[in-house]
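Worksheet: the structure to be examined is printed underneath.
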Amino acid sequence: MRYSFQAISWLTVLGTLTATADEPPSLKKVEPVLLFTVPEYCEGIVFDHDGNGYISHGKTITQFKISGDHAIWAETGAPNGHKVLADGTHLVCDASQHAILHLSAEGKPMVPLSTECHGKPLRGPNDLTLDTAQAGFYFTDPGGSSLDNPIGTIHYVDKTGKTHLVDQGLAFPNGIALRPDGKTLLVAESQKNRILVYNVKGPGKVSQRKLFARLPAKDANQGQVDNQPDGICLDQAGNLYVAHFGMQQVQVLNSNGQLVGHYQGGNLRTSNVAFGGPRMNQLFVTGSLKTGEGGLFRLGLNVNGLVILPATP
């Protein structure tokens, strides 16, 4: 099914922020600060034009201030990955609705932007990244996939609203990020504990997947319970930040895929990461604590995060 929407206007690119050198961030010890907890594991962190943050947990999306004040913003069923568009509306991956939802600035449901691909319904969209230059977006759909059943897919929704298949046969594709030049797509393949890279040839058209990085394995002696890369984000210098589920860490990879260090993420099951704050130099981390509650942590990195929020019309 096609959807008609004003993609070009709501995906206008914000004045691009670029770094002068591909230098790894300072990896001095930074203590994660807990802002608040929610009853369930949380993920899908994003910030809007006014600096409000959002996290997904259970059937709920909660809006928060960086002070820690928070309140329920919307209920969709099973929200996860989340991005905000130039017109203030929101894109949300929702596994329960098997769709990429489109919500108003107030959190009210609009017509979904993707529910199927080539006649096949989506299984369970997980995360997404905007392709501002081409007025589209990429998303992962790991629904039902595993090492034994690698049916995970990556999709692209173009400016007309049509959904295209980008890649398939993946063992739980998860976090996804497009570099600002639009030429490189990075994807976390959770159950293989690795990051994949694709060269982008055109909107939704990529080269064969390649290995970008293998991540450290869990060490039970350190209390680590799993080793699956989840949400990812970039800083201005091109370094990739990976929420490493079960490791209680955020791994940092440089633009060549080399592991340059890690930060403590606060949560045992770290799930997602995003830069925010007035200067976009603080890293916010979602996941869950050992108790099972979802925790939102802030890391004062003083690293310039990549701004992916499209400019308002």
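Residue names in the structure tokens use chain letters A, B, ... in the order shown, residue numbers from 1 in each chain, and ligand numbers from 1 in the order shown.
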Name all residues at most 10 Å from Pro278 (chain A) (count only C-alpha atoms; drop same-chain ones fewer than 3 positions away) and give them as number ranges by chain.
A: 50-51, 66, 281-282
With C-alpha atoms retained, write the just-selected residues as a PDB file, in the first residue's frame.
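Here's the written file again26.pdb:
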```
ATOM      1  CA  ASP A  50      12.253  21.614  21.975  1.00  0.00           C
ATOM      2  CA  GLY A  51      14.724  19.327  23.747  1.00  0.00           C
ATOM      3  CA  ILE A  66      16.765  16.199  30.988  1.00  0.00           C
ATOM      4  CA  ASN A 281      27.180  16.550  24.180  1.00  0.00           C
ATOM      5  CA  GLN A 282      25.566  14.232  26.714  1.00  0.00           C
TER       6      GLN A 282
END
```
Please identify all polymer residues within 12 Å of Pro39 (chain A), counting only C-alpha atoms, omitting same-chain residues fewer than 2 positions from it, and present them as an MDAnalysis selection string.
chainID A and resid 36:37 41:42 56:60 62 287:289 291:296
Residues as selected, C-alpha atoms, written as a PDB file, in the first residue's frame, can you do that?
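again_20.pdb, freshly written:
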```
ATOM      1  CA  PHE A  36      14.519   7.988  36.562  1.00  0.00           C
ATOM      2  CA  THR A  37      13.125   4.465  36.293  1.00  0.00           C
ATOM      3  CA  TYR A  41      12.739  -2.449  30.192  1.00  0.00           C
ATOM      4  CA  CYS A  42      12.970   0.719  28.102  1.00  0.00           C
ATOM      5  CA  SER A  56       9.575   3.475  24.863  1.00  0.00           C
ATOM      6  CA  HIS A  57       8.637   0.887  27.501  1.00  0.00           C
ATOM      7  CA  GLY A  58       5.923  -1.760  27.586  1.00  0.00           C
ATOM      8  CA  LYS A  59       2.982  -0.338  25.639  1.00  0.00           C
ATOM      9  CA  THR A  60       3.955   3.234  26.493  1.00  0.00           C
ATOM     10  CA  THR A  62       7.130   8.498  28.074  1.00  0.00           C
ATOM     11  CA  GLY A 287      17.762  -0.463  29.158  1.00  0.00           C
ATOM     12  CA  SER A 288      16.958  -2.272  32.384  1.00  0.00           C
ATOM     13  CA  LEU A 289      18.506  -2.704  35.792  1.00  0.00           C
ATOM     14  CA  THR A 291      15.852  -5.568  39.266  1.00  0.00           C
ATOM     15  CA  GLY A 292      14.058  -5.555  35.897  1.00  0.00           C
ATOM     16  CA  GLU A 293      13.011  -1.896  36.074  1.00  0.00           C
ATOM     17  CA  GLY A 294      13.838   0.249  33.068  1.00  0.00           C
ATOM     18  CA  GLY A 295      16.443   2.937  33.698  1.00  0.00           C
ATOM     19  CA  LEU A 296      17.336   6.129  31.866  1.00  0.00           C
TER      20      LEU A 296
END
```
Calculated over only C-alpha atoms, which of the candidates A:Asn256, A:Asn302, A:Asn149, A:Ser96 has the smallest distance to Ala78 (chain A)?
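The shortest atom-to-atom distance to Ala78 (chain A) comes from A:Ser96.
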Based on DSSP run over this structure's backbone, return all residues of region 161-289 of chain A in strand (DSSP E or B), as a ChimeraX atom specification.
/A:163-170,173-178,184-189,194-202,205-206,210-214,228-235,240-245,249-253,259-264,269-276,282-288
Could those residues be written to a file, using C-alpha atoms, as a PDB file, in the first residue's frame?
```pdb
ATOM      1  CA  THR A 163       8.448   0.298   1.303  1.00  0.00           C
ATOM      2  CA  HIS A 164      11.372  -1.551  -0.318  1.00  0.00           C
ATOM      3  CA  LEU A 165      13.353  -4.605   0.804  1.00  0.00           C
ATOM      4  CA  VAL A 166      17.020  -3.703   1.359  1.00  0.00           C
ATOM      5  CA  ASP A 167      18.450  -6.930   2.812  1.00  0.00           C
ATOM      6  CA  GLN A 168      17.219 -10.189   4.331  1.00  0.00           C
ATOM      7  CA  GLY A 169      18.477 -13.353   6.020  1.00  0.00           C
ATOM      8  CA  LEU A 170      19.689 -11.639   9.210  1.00  0.00           C
ATOM      9  CA  PRO A 173      18.828  -6.878  12.807  1.00  0.00           C
ATOM     10  CA  ASN A 174      18.459  -4.170  15.429  1.00  0.00           C
ATOM     11  CA  GLY A 175      19.990  -0.674  15.764  1.00  0.00           C
ATOM     12  CA  ILE A 176      20.523   1.202  12.504  1.00  0.00           C
ATOM     13  CA  ALA A 177      22.304   4.439  11.563  1.00  0.00           C
ATOM     14  CA  LEU A 178      22.961   6.236   8.274  1.00  0.00           C
ATOM     15  CA  THR A 184      27.137   4.314   4.549  1.00  0.00           C
ATOM     16  CA  LEU A 185      24.508   2.350   6.451  1.00  0.00           C
ATOM     17  CA  LEU A 186      25.420   0.660   9.748  1.00  0.00           C
ATOM     18  CA  VAL A 187      23.303  -2.106  11.287  1.00  0.00           C
ATOM     19  CA  ALA A 188      23.627  -4.079  14.518  1.00  0.00           C
ATOM     20  CA  GLU A 189      23.023  -7.805  14.014  1.00  0.00           C
ATOM     21  CA  ARG A 194      28.459  -7.751  15.310  1.00  0.00           C
ATOM     22  CA  ILE A 195      27.959  -4.538  13.358  1.00  0.00           C
ATOM     23  CA  LEU A 196      27.380  -4.728   9.598  1.00  0.00           C
ATOM     24  CA  VAL A 197      28.108  -2.036   7.031  1.00  0.00           C
ATOM     25  CA  TYR A 198      26.550  -1.353   3.634  1.00  0.00           C
ATOM     26  CA  ASN A 199      27.676   1.042   0.916  1.00  0.00           C
ATOM     27  CA  VAL A 200      24.622   2.996  -0.233  1.00  0.00           C
ATOM     28  CA  LYS A 201      24.297   3.266  -4.013  1.00  0.00           C
ATOM     29  CA  GLY A 202      20.985   5.125  -4.027  1.00  0.00           C
ATOM     30  CA  LYS A 205      19.842   0.425  -2.765  1.00  0.00           C
ATOM     31  CA  VAL A 206      22.959  -0.973  -1.091  1.00  0.00           C
ATOM     32  CA  LYS A 210      30.201  -6.471   5.021  1.00  0.00           C
ATOM     33  CA  LEU A 211      31.490  -6.939   8.539  1.00  0.00           C
ATOM     34  CA  PHE A 212      32.201  -3.604  10.219  1.00  0.00           C
ATOM     35  CA  ALA A 213      33.108  -4.895  13.683  1.00  0.00           C
ATOM     36  CA  ARG A 214      32.847  -7.870  16.003  1.00  0.00           C
ATOM     37  CA  GLN A 228      24.037  -8.446  21.809  1.00  0.00           C
ATOM     38  CA  PRO A 229      24.480  -5.036  20.130  1.00  0.00           C
ATOM     39  CA  ASP A 230      21.226  -3.093  20.272  1.00  0.00           C
ATOM     40  CA  GLY A 231      20.687   0.625  19.551  1.00  0.00           C
ATOM     41  CA  ILE A 232      23.447   2.702  17.934  1.00  0.00           C
ATOM     42  CA  CYS A 233      24.243   6.376  17.344  1.00  0.00           C
ATOM     43  CA  LEU A 234      27.046   8.537  15.934  1.00  0.00           C
ATOM     44  CA  ASP A 235      29.062  11.512  17.115  1.00  0.00           C
ATOM     45  CA  LEU A 240      29.791   4.796  16.611  1.00  0.00           C
ATOM     46  CA  TYR A 241      28.253   4.241  20.063  1.00  0.00           C
ATOM     47  CA  VAL A 242      26.722   0.800  20.596  1.00  0.00           C
ATOM     48  CA  ALA A 243      24.364  -0.100  23.442  1.00  0.00           C
ATOM     49  CA  HIS A 244      25.665  -3.588  24.254  1.00  0.00           C
ATOM     50  CA  PHE A 245      22.788  -5.568  25.752  1.00  0.00           C
ATOM     51  CA  GLN A 249      28.379  -1.087  28.588  1.00  0.00           C
ATOM     52  CA  VAL A 250      28.319   1.260  25.633  1.00  0.00           C
ATOM     53  CA  GLN A 251      31.034   0.245  23.161  1.00  0.00           C
ATOM     54  CA  VAL A 252      32.749   2.918  21.055  1.00  0.00           C
ATOM     55  CA  LEU A 253      33.987   2.139  17.535  1.00  0.00           C
ATOM     56  CA  LEU A 259      36.996  -0.738  19.178  1.00  0.00           C
ATOM     57  CA  VAL A 260      38.482   2.290  20.930  1.00  0.00           C
ATOM     58  CA  GLY A 261      36.944   1.733  24.338  1.00  0.00           C
ATOM     59  CA  HIS A 262      33.712   1.622  26.286  1.00  0.00           C
ATOM     60  CA  TYR A 263      31.655   3.468  28.884  1.00  0.00           C
ATOM     61  CA  GLN A 264      29.620   2.037  31.727  1.00  0.00           C
ATOM     62  CA  ARG A 269      20.763  -4.705  29.697  1.00  0.00           C
ATOM     63  CA  THR A 270      21.715  -1.570  27.793  1.00  0.00           C
ATOM     64  CA  SER A 271      19.301  -1.105  24.902  1.00  0.00           C
ATOM     65  CA  ASN A 272      19.640   2.258  23.172  1.00  0.00           C
ATOM     66  CA  VAL A 273      21.718   5.429  23.047  1.00  0.00           C
ATOM     67  CA  ALA A 274      21.203   9.002  21.832  1.00  0.00           C
ATOM     68  CA  PHE A 275      22.970  12.321  22.231  1.00  0.00           C
ATOM     69  CA  GLY A 276      20.993  15.162  23.792  1.00  0.00           C
ATOM     70  CA  GLN A 282      25.566  14.232  26.714  1.00  0.00           C
ATOM     71  CA  LEU A 283      24.839  10.577  25.974  1.00  0.00           C
ATOM     72  CA  PHE A 284      21.547   9.129  27.211  1.00  0.00           C
ATOM     73  CA  VAL A 285      21.269   5.379  27.709  1.00  0.00           C
ATOM     74  CA  THR A 286      18.186   3.181  28.124  1.00  0.00           C
ATOM     75  CA  GLY A 287      17.762  -0.463  29.158  1.00  0.00           C
ATOM     76  CA  SER A 288      16.958  -2.272  32.384  1.00  0.00           C
TER      77      SER A 288
END
```
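Considering the residues A:Thr89, A:Thr160, A:Gln236, A:Asn80 and counting only C-alpha atoms, Ser114 (chain A) has its shortest atom-to-atom contact with A:Thr160.
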As a ChimeraX atom specification, please: the residues near Gly107 (chain A) (cut-off 7 Å, only C-alpha atoms, same-chain neighbours under 2 positions excluded).
/A:73-74,103-105,109
